[in-house]
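Notes follow once the structure below has been shown.
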Amino acid sequence: MILAFFLVALIYAAVGQAGATGYIALMAILGLPPLEMKITALALNLVVAAIGTFMFQRAAQLSWRNLYPFALLGFPFSVLGGSVNLGAGAYYPLVGTILMLSGLLMARSALTRGTTTTRAPDHPPFVPALITGAVIGFISGTTGTGGGVFLAPIILAMNWADARQTAATTAIYNLVNSAAALIGAYAFWPQISGSAPIWMVAVAIGGLAGAMLGSRFLSDKWLRVILALLLAGSGLKLFW
């Protein structure tokens with residue numbers, strides 16, 4: 001399981017994600033209860049998102065102008081979502097369904113990207129980004145998923161940024177929203193898994209390696225393809 005957490009962090013970090021959905025899928029295999037999964041996934045997400053943000057900033061890929069419209073309402077709504085505790089009967093179908101839909105949207109984006117000549121705008125439009133950030137903030141806080149896996153397909157589908165800019169934006173969005181959701185869920189902190197410390201070390205190493213790959217070497221198309229597969233696979237596992 002330590003190796004599995006390392007690999008999940010590496011692959012997710014390469015596409016600007018922190019891996020919460022992958023960690024949730026792994027913890028589902030272990031049979032952990034939803035609340036323990038949520039708090040643990042947010043803590044692991046925070047570690048990898050911090051590393052990813054640093055690496056994309058160091059590679060000069062991060063645009064604060066692209067981020068702040070999403071984060072402005074995303075932070076308070078993540079705090080609100082973090083305080084919500086869903087039972088297993090609602091948690092697994094909700095997260096699984098959303099991830100599968102996001103995976104299909106990302107796959108469509110990867111397959112059609114090469115056939116369009118539309119140039120991505122310099123920045124996301126303010127009002128739509130504000131609303132998107134609020135909705136995703138609440139959903140991600142409630143489910144413990146950080147939010148980047150929901151935000152990335154929307155940014156790419158709406159042609160608000162290219163894949164590398166999207167990866168950088170979602171890395172810091174995951175950082176902000178994971179921290180906010182943990183603040184909202186402070187009453188549930190004792191529910192974190194006892195294995196969390198060793199998993200944090202594993203995901204930190206994997207996240208560092210993945211962020212280096214994603215910020216410098218992977219192509220636009222492969223970033224999209226990898227993320228689509230991750231979303232669909234995690235969604236199927238949780239829904240099943």
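We name chains A, B, ... following the order of the structure tokens; residues begin at 1 in each chain, and ligands are numbered from 1 as shown.
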Give me the residues near Lys38 of chain A as JSON, numbers by chain, where near means some atom within 7 Å (using only C-alpha atoms) and where sequence neighbours in that chain fewer than 3 positions away do not count.
{"A": [34, 35, 41, 42, 143, 144]}
I need the residues from that last selection saved to file as a CSV table (one decimal), in the first residue's frame (with all heavy atoms), if you can.
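Saved as result_13.csv:
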```csv
chain,number,residue,atom,x,y,z
A,34,PRO,N,-16.0,6.2,5.3
A,34,PRO,CA,-16.0,7.4,4.5
A,34,PRO,C,-15.3,8.6,5.2
A,34,PRO,O,-14.5,9.3,4.6
A,34,PRO,CB,-17.4,7.7,4.2
A,34,PRO,CG,-18.1,6.3,4.2
A,34,PRO,CD,-17.4,5.5,5.3
A,35,LEU,N,-15.7,8.8,6.5
A,35,LEU,CA,-15.1,10.0,7.2
A,35,LEU,C,-13.6,9.9,7.4
A,35,LEU,O,-12.9,10.8,7.2
A,35,LEU,CB,-15.8,10.1,8.6
A,35,LEU,CG,-15.4,11.3,9.4
A,35,LEU,CD1,-15.6,12.6,8.6
A,35,LEU,CD2,-16.2,11.4,10.7
A,41,ALA,N,-7.5,11.6,3.1
A,41,ALA,CA,-7.3,12.1,1.7
A,41,ALA,C,-7.0,13.6,1.7
A,41,ALA,O,-6.1,14.0,0.9
A,41,ALA,CB,-8.5,11.7,0.9
A,42,LEU,N,-7.7,14.4,2.4
A,42,LEU,CA,-7.4,15.8,2.5
A,42,LEU,C,-6.0,16.1,3.0
A,42,LEU,O,-5.3,17.0,2.5
A,42,LEU,CB,-8.4,16.5,3.3
A,42,LEU,CG,-9.8,16.7,2.7
A,42,LEU,CD1,-10.8,17.2,3.7
A,42,LEU,CD2,-9.8,17.6,1.5
A,143,THR,N,-16.6,16.0,-0.3
A,143,THR,CA,-16.1,14.7,-0.7
A,143,THR,C,-14.7,14.4,-0.3
A,143,THR,O,-14.2,13.3,-0.4
A,143,THR,CB,-16.3,14.5,-2.2
A,143,THR,OG1,-15.6,15.5,-2.9
A,143,THR,CG2,-17.7,14.5,-2.6
A,144,GLY,N,-13.9,15.5,0.0
A,144,GLY,CA,-12.5,15.3,0.4
A,144,GLY,C,-11.6,15.1,-0.8
A,144,GLY,O,-10.6,14.5,-0.7
```
Give one line per residue of segment 29-116 of chain A that approaches segment 160-172 of chain A to at most 9 Å, naming the two atoms of the closest pair and their distance in Å to one decimal, counting only C-alpha atoms; sort by chain then ascending residue number and deliver it as CSV.
```
residue,atom,partner,partner_atom,distance
A:Val48,CA,A:Ala171,CA,8.7
A:Ala49,CA,A:Ala171,CA,5.5
A:Ala50,CA,A:Ile172,CA,7.3
A:Ile51,CA,A:Ala171,CA,8.8
A:Gly52,CA,A:Ala171,CA,5.8
A:Thr53,CA,A:Ile172,CA,5.2
A:Phe54,CA,A:Ile172,CA,8.8
A:Met55,CA,A:Ala168,CA,9.0
A:Phe56,CA,A:Ala168,CA,5.7
A:Gln57,CA,A:Ala168,CA,7.9
A:Gln61,CA,A:Ala168,CA,6.1
A:Leu62,CA,A:Ala168,CA,5.3
A:Ser63,CA,A:Thr169,CA,7.1
A:Trp64,CA,A:Thr169,CA,8.0
A:Asn66,CA,A:Thr169,CA,6.7
A:Leu67,CA,A:Thr169,CA,5.7
```
Per DSSP on the backbone, what are the alpha helix (DSSP H) residues of segment 27-146 of chain A, as a ChimeraX atom specification?
/A:27-30,34-58,64-82,88-112,126-143
Quick one: residues within 12 Å of Ala88 of chain A, only C-alpha atoms, excluding same-chain residues fewer than 6 positions away - as a PDB file with N, CA, C and O atoms, in the first residue's frame?
```
ATOM      1  N   ALA A  28     -10.509   2.693  -0.013  1.00  0.00           N
ATOM      2  CA  ALA A  28     -11.724   1.905  -0.175  1.00  0.00           C
ATOM      3  C   ALA A  28     -11.381   0.420  -0.226  1.00  0.00           C
ATOM      4  O   ALA A  28     -12.131  -0.423   0.282  1.00  0.00           O
ATOM      5  N   GLY A  31     -11.099  -0.840   3.060  1.00  0.00           N
ATOM      6  CA  GLY A  31     -12.367  -0.873   3.791  1.00  0.00           C
ATOM      7  C   GLY A  31     -12.509   0.185   4.863  1.00  0.00           C
ATOM      8  O   GLY A  31     -13.278   0.004   5.822  1.00  0.00           O
ATOM      9  N   LEU A  32     -11.785   1.307   4.738  1.00  0.00           N
ATOM     10  CA  LEU A  32     -11.903   2.372   5.730  1.00  0.00           C
ATOM     11  C   LEU A  32     -13.249   3.074   5.601  1.00  0.00           C
ATOM     12  O   LEU A  32     -13.805   3.181   4.509  1.00  0.00           O
ATOM     13  N   PRO A  33     -13.803   3.585   6.690  1.00  0.00           N
ATOM     14  CA  PRO A  33     -15.080   4.300   6.636  1.00  0.00           C
ATOM     15  C   PRO A  33     -14.935   5.635   5.909  1.00  0.00           C
ATOM     16  O   PRO A  33     -13.835   6.212   5.874  1.00  0.00           O
ATOM     17  N   PRO A  34     -16.021   6.164   5.323  1.00  0.00           N
ATOM     18  CA  PRO A  34     -15.959   7.395   4.527  1.00  0.00           C
ATOM     19  C   PRO A  34     -15.328   8.581   5.247  1.00  0.00           C
ATOM     20  O   PRO A  34     -14.541   9.319   4.640  1.00  0.00           O
ATOM     21  N   LEU A  35     -15.661   8.810   6.517  1.00  0.00           N
ATOM     22  CA  LEU A  35     -15.124   9.966   7.221  1.00  0.00           C
ATOM     23  C   LEU A  35     -13.613   9.862   7.388  1.00  0.00           C
ATOM     24  O   LEU A  35     -12.887  10.845   7.194  1.00  0.00           O
ATOM     25  N   GLU A  36     -13.124   8.685   7.721  1.00  0.00           N
ATOM     26  CA  GLU A  36     -11.680   8.482   7.842  1.00  0.00           C
ATOM     27  C   GLU A  36     -10.999   8.671   6.499  1.00  0.00           C
ATOM     28  O   GLU A  36      -9.911   9.259   6.412  1.00  0.00           O
ATOM     29  N   MET A  37     -11.622   8.181   5.435  1.00  0.00           N
ATOM     30  CA  MET A  37     -11.083   8.358   4.095  1.00  0.00           C
ATOM     31  C   MET A  37     -11.013   9.828   3.718  1.00  0.00           C
ATOM     32  O   MET A  37     -10.019  10.301   3.150  1.00  0.00           O
ATOM     33  N   LYS A  38     -12.080  10.568   4.026  1.00  0.00           N
ATOM     34  CA  LYS A  38     -12.141  11.978   3.670  1.00  0.00           C
ATOM     35  C   LYS A  38     -11.038  12.782   4.348  1.00  0.00           C
ATOM     36  O   LYS A  38     -10.300  13.523   3.677  1.00  0.00           O
ATOM     37  N   LEU A  94     -21.793   9.313  -5.111  1.00  0.00           N
ATOM     38  CA  LEU A  94     -21.603  10.707  -5.499  1.00  0.00           C
ATOM     39  C   LEU A  94     -20.215  10.934  -6.080  1.00  0.00           C
ATOM     40  O   LEU A  94     -20.067  11.459  -7.185  1.00  0.00           O
ATOM     41  N   VAL A  95     -19.191  10.542  -5.351  1.00  0.00           N
ATOM     42  CA  VAL A  95     -17.819  10.746  -5.818  1.00  0.00           C
ATOM     43  C   VAL A  95     -17.548   9.942  -7.087  1.00  0.00           C
ATOM     44  O   VAL A  95     -16.956  10.443  -8.047  1.00  0.00           O
ATOM     45  N   GLY A  96     -17.980   8.690  -7.115  1.00  0.00           N
ATOM     46  CA  GLY A  96     -17.743   7.853  -8.287  1.00  0.00           C
ATOM     47  C   GLY A  96     -18.389   8.399  -9.541  1.00  0.00           C
ATOM     48  O   GLY A  96     -17.773   8.436 -10.612  1.00  0.00           O
ATOM     49  N   THR A 143     -16.622  15.997  -0.332  1.00  0.00           N
ATOM     50  CA  THR A 143     -16.138  14.667  -0.702  1.00  0.00           C
ATOM     51  C   THR A 143     -14.694  14.406  -0.308  1.00  0.00           C
ATOM     52  O   THR A 143     -14.240  13.259  -0.352  1.00  0.00           O
ATOM     53  N   LEU A 238     -14.882   3.571  -7.211  1.00  0.00           N
ATOM     54  CA  LEU A 238     -15.694   4.052  -6.106  1.00  0.00           C
ATOM     55  C   LEU A 238     -17.170   3.750  -6.326  1.00  0.00           C
ATOM     56  O   LEU A 238     -17.886   3.389  -5.402  1.00  0.00           O
ATOM     57  N   PHE A 239     -17.634   3.900  -7.569  1.00  0.00           N
ATOM     58  CA  PHE A 239     -19.041   3.643  -7.857  1.00  0.00           C
ATOM     59  C   PHE A 239     -19.364   2.171  -7.670  1.00  0.00           C
ATOM     60  O   PHE A 239     -20.415   1.795  -7.148  1.00  0.00           O
TER      61      PHE A 239
END
```
From the list A:Leu86, A:Leu46, A:Leu236, A:Val79, which residue is nearest Gln17 of chain A when using only C-alpha atoms?
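Among the listed residues, the smallest separation from Gln17 of chain A belongs to A:Leu46.
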Among listed residues A:Leu101, A:Val203, A:Ala185, A:Ile226, nearest Val8 of chain A (using only C-alpha atoms):
A:Val203
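Minimum atom-to-atom distance to Ile183 of chain A, evaluated using only C-alpha atoms, belongs to A:Gly82 out of A:Ala9, A:Arg58, A:Asn45, A:Gly82.
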By how many Å are atom CA of Leu213 of chain A and atom CA of Ser193 of chain A apart?
29.3 Å
Rank nothing, just name the residue among A:Ala228, A:Ala107, A:Ile39, A:Ala90 nearest to Gly141 of chain A, using only C-alpha atoms.
A:Ile39
Pairwise distance for atom CA of Val135 of chain A and atom CA of Ala157 of chain A, rounded to one decimal in Å:
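Computing it gives 16.7 Å between the two atoms.
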Could you state the separation of atom CA of Leu130 of chain A and atom CA of Leu182 of chain A in Å, given to one decimal place?
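Computed distance, atom CA of Leu130 of chain A to atom CA of Leu182 of chain A, equals 21.4 Å.
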Could you pull the residues within 6 Å of Gly146 of chain A, counting only C-alpha atoms, minus those fewer than 4 positions along the same chain, as a ChimeraX atom specification?
/A:140,174,177-178
Go ahead and save the picked residues with C-alpha atoms, as a short mmCIF file (atom, residue, chain, number, x, y, z; two decimals), in the first residue's frame.
```cif
data_model
loop_
_atom_site.label_atom_id
_atom_site.label_comp_id
_atom_site.auth_asym_id
_atom_site.auth_seq_id
_atom_site.Cartn_x
_atom_site.Cartn_y
_atom_site.Cartn_z
CA SER A 140 -14.66 19.00 -3.13
CA ASN A 174 -5.97 21.76 -4.64
CA ASN A 177 -9.22 23.90 -1.11
CA SER A 178 -7.66 21.02 0.82
#
```
Go through A:Gly89, A:Gly206, A:Gly103, A:Pro69 one by one, measure the shortest atom-to-atom distance of each to Gly233 of chain A using only C-alpha atoms, and give the residue with the smallest value.
A:Gly103
Find the residues near Leu104 of chain A: any atom within 8 Å, counting only C-alpha atoms, skip ones fewer than 4 places away on the same chain, and give them as a PyMOL selection string.
chain A and resi 100+108+228+232
Any chance you could export the current selection's N, CA, C and O atoms as a PDB file, in the first residue's frame?
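Final output, selection.pdb:
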```pdb
ATOM      1  N   MET A 100     -16.338   9.779 -12.940  1.00  0.00           N
ATOM      2  CA  MET A 100     -16.511   9.161 -14.253  1.00  0.00           C
ATOM      3  C   MET A 100     -16.931  10.186 -15.300  1.00  0.00           C
ATOM      4  O   MET A 100     -16.439  10.179 -16.436  1.00  0.00           O
ATOM      5  N   ARG A 108     -12.688  13.428 -24.028  1.00  0.00           N
ATOM      6  CA  ARG A 108     -13.176  14.170 -25.192  1.00  0.00           C
ATOM      7  C   ARG A 108     -12.238  15.331 -25.516  1.00  0.00           C
ATOM      8  O   ARG A 108     -11.924  15.603 -26.678  1.00  0.00           O
ATOM      9  N   ALA A 228      -7.496  11.754 -17.878  1.00  0.00           N
ATOM     10  CA  ALA A 228      -8.768  11.118 -18.231  1.00  0.00           C
ATOM     11  C   ALA A 228      -8.831   9.686 -17.707  1.00  0.00           C
ATOM     12  O   ALA A 228      -9.846   9.257 -17.147  1.00  0.00           O
ATOM     13  N   ALA A 232     -11.499   8.337 -14.778  1.00  0.00           N
ATOM     14  CA  ALA A 232     -12.439   7.262 -15.083  1.00  0.00           C
ATOM     15  C   ALA A 232     -12.194   6.034 -14.210  1.00  0.00           C
ATOM     16  O   ALA A 232     -13.133   5.424 -13.688  1.00  0.00           O
TER      17      ALA A 232
END
```
Minimum-distance residue to Ala18 of chain A, chosen among A:Thr97, A:Thr145, A:Thr132, A:Ser83 (using only C-alpha atoms)
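Under the stated criterion, the closest residue is A:Thr145.
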